[in-house]
Amino acid sequence: MMDIRAHDERAVRFAERMVAQVTDDQLSAPTPCTEWTLRELLVHMTGSNNGFADTAEGRETNPEVWQGNTIGNDVVAEYAKSSQRVQAAFAAPDVLSRTFDVHGFGTYPAATAIGMHFIDYLAHGWDVAKAIGEEPELDEDLCEAVLAMGRRWPQGAPTIWGPGAPFGHQVAIPPEASPQNRMLGFLGRTPTWPRTTTSTTA
C-alpha cells in the first residue's frame, strides 16, 4: 500500500528546494501555470500549504488563508515557513484518522486529501523549476504513483481538467515516454515548456 505521507514529504521537499533558488528578479517570470507569474504561483502554493496545515490541525477553514491573503511580502520566506508547517501537521500520529476540509473542493478522508496535496506539489515543484530555468528530473516512483492515482479519476471530467479546473486539458504524450513526461502530460503540462505551451490553471 502506498505510504501517501512519505510520498507527499518527498514531493514537498523537492518543491522546497526549487523555491529556495528563486531570486527577486525572477518573481515576475511566467510559469507553466499560464495565468500566474512565479510570485502568484508561490502565493498560491503558500496559501494551500497553510490551508492544508489548518485543516490537518483541526482549525476552521479560512478562505483568506487558502488564497494566500494572510502572508507577508517575502514570498520565498513565507513559502519556506508554510512548507515546514504542513510537513509537521501531516506528521501528527493521528492525522490519518481525521477528515480534511479542502477549500473549494469538499471534505475528504485525510489520506485522500494528502494525496491531493502530493500531486499538486510534485507538479508545482516542476512549475517553479521551469520558471527559473531549471530542467528537473522528477522521482520516477513519485511520477508513477501520480499516474496510478489518476487512473481512478473520471476521464475528461471538467472538474479536474480544463478552464477553471485544477489542471489544464491533458496533453498527448507517447506511451513509451518517461514516467515524468507521461505524468506531466496527464496533468495538462507540456514537458518541453516554454518551447511549446498549454493552458494550465494549476
# chains A, B, ... in the order shown; residues from 1 in each chain; ligands from 1
call {"tool": "select_by_dssp", "arguments": {"residues": "chain A", "states": "strand (DSSP E or B)", "output": "ChimeraX atom specification"}}
result
/A:30,37,99-102,106-109,161,167
call {"tool": "write_last_selection", "arguments": {"atoms": "C-alpha atoms", "output": "compact mmCIF listing (two decimals), in the first residue's frame"}}
result
# COMPACT_ATOMS: atom_id res chain seq x y z
CA PRO A 30 5.93 33.32 -16.47
CA THR A 37 3.53 34.68 -12.64
CA THR A 99 -11.24 14.42 7.92
CA PHE A 100 -9.90 17.35 5.91
CA ASP A 101 -11.90 20.28 4.55
CA VAL A 102 -10.11 21.17 1.29
CA GLY A 106 -15.05 19.49 -0.30
CA THR A 107 -14.42 17.22 2.65
CA TYR A 108 -12.22 14.14 2.32
CA PRO A 109 -10.56 11.45 4.42
CA TRP A 161 -9.21 19.22 -16.39
CA PHE A 167 -5.35 21.03 -14.22
call {"tool": "atom_distance", "arguments": {"atom1": "atom CA of Glu9 of chain A", "atom2": "atom CA of His44 of chain A"}}
result
18.5 Å
call {"tool": "residues_around", "arguments": {"residues": "Leu122 of chain A", "least_positions_apart": "5", "cutoff": "12 Å", "atoms": "only C-alpha atoms", "output": "PyMOL selection string"}}
result
chain A and resi 7-18+45+115-117+127-129+136-146+180+183-184+187+202
call {"tool": "atom_distance", "arguments": {"atom1": "atom CA of Gln21 of chain A", "atom2": "atom CA of Gln170 of chain A"}}
result
28.8 Å
call {"tool": "closest_residue", "arguments": {"among": "A:Pro179, A:Pro32, A:Pro93, A:Gly72", "to": "Ile132 of chain A", "atoms": "only C-alpha atoms"}}
result
A:Pro32
call {"tool": "select_by_dssp", "arguments": {"residues": "segment 16-64 of chain A", "states": "helix (DSSP H, G or I)", "output": "list of chain:residue names"}}
result
A:Glu16, A:Arg17, A:Met18, A:Val19, A:Ala20, A:Asp24, A:Asp25, A:Gln26, A:Leu38, A:Arg39, A:Glu40, A:Leu41, A:Leu42, A:Val43, A:His44, A:Met45, A:Thr46, A:Gly47, A:Ser48, A:Asn49, A:Asn50, A:Gly51, A:Phe52, A:Ala53, A:Asp54, A:Thr55, A:Ala56, A:Pro63, A:Glu64
call {"tool": "residues_around", "arguments": {"residues": "Thr192 of chain A", "least_positions_apart": "2", "cutoff": "12 Å", "atoms": "only C-alpha atoms", "output": "list in words"}}
result
Pro32, Trp126, Asp127, Lys130, Gly133, Glu134, Glu135, Pro136, Val171, Ile173, Gln180, Asn181, Leu184, Gly185, Arg189, Thr190, Pro194, Arg195, Thr196, Thr197 and Thr198 of chain A
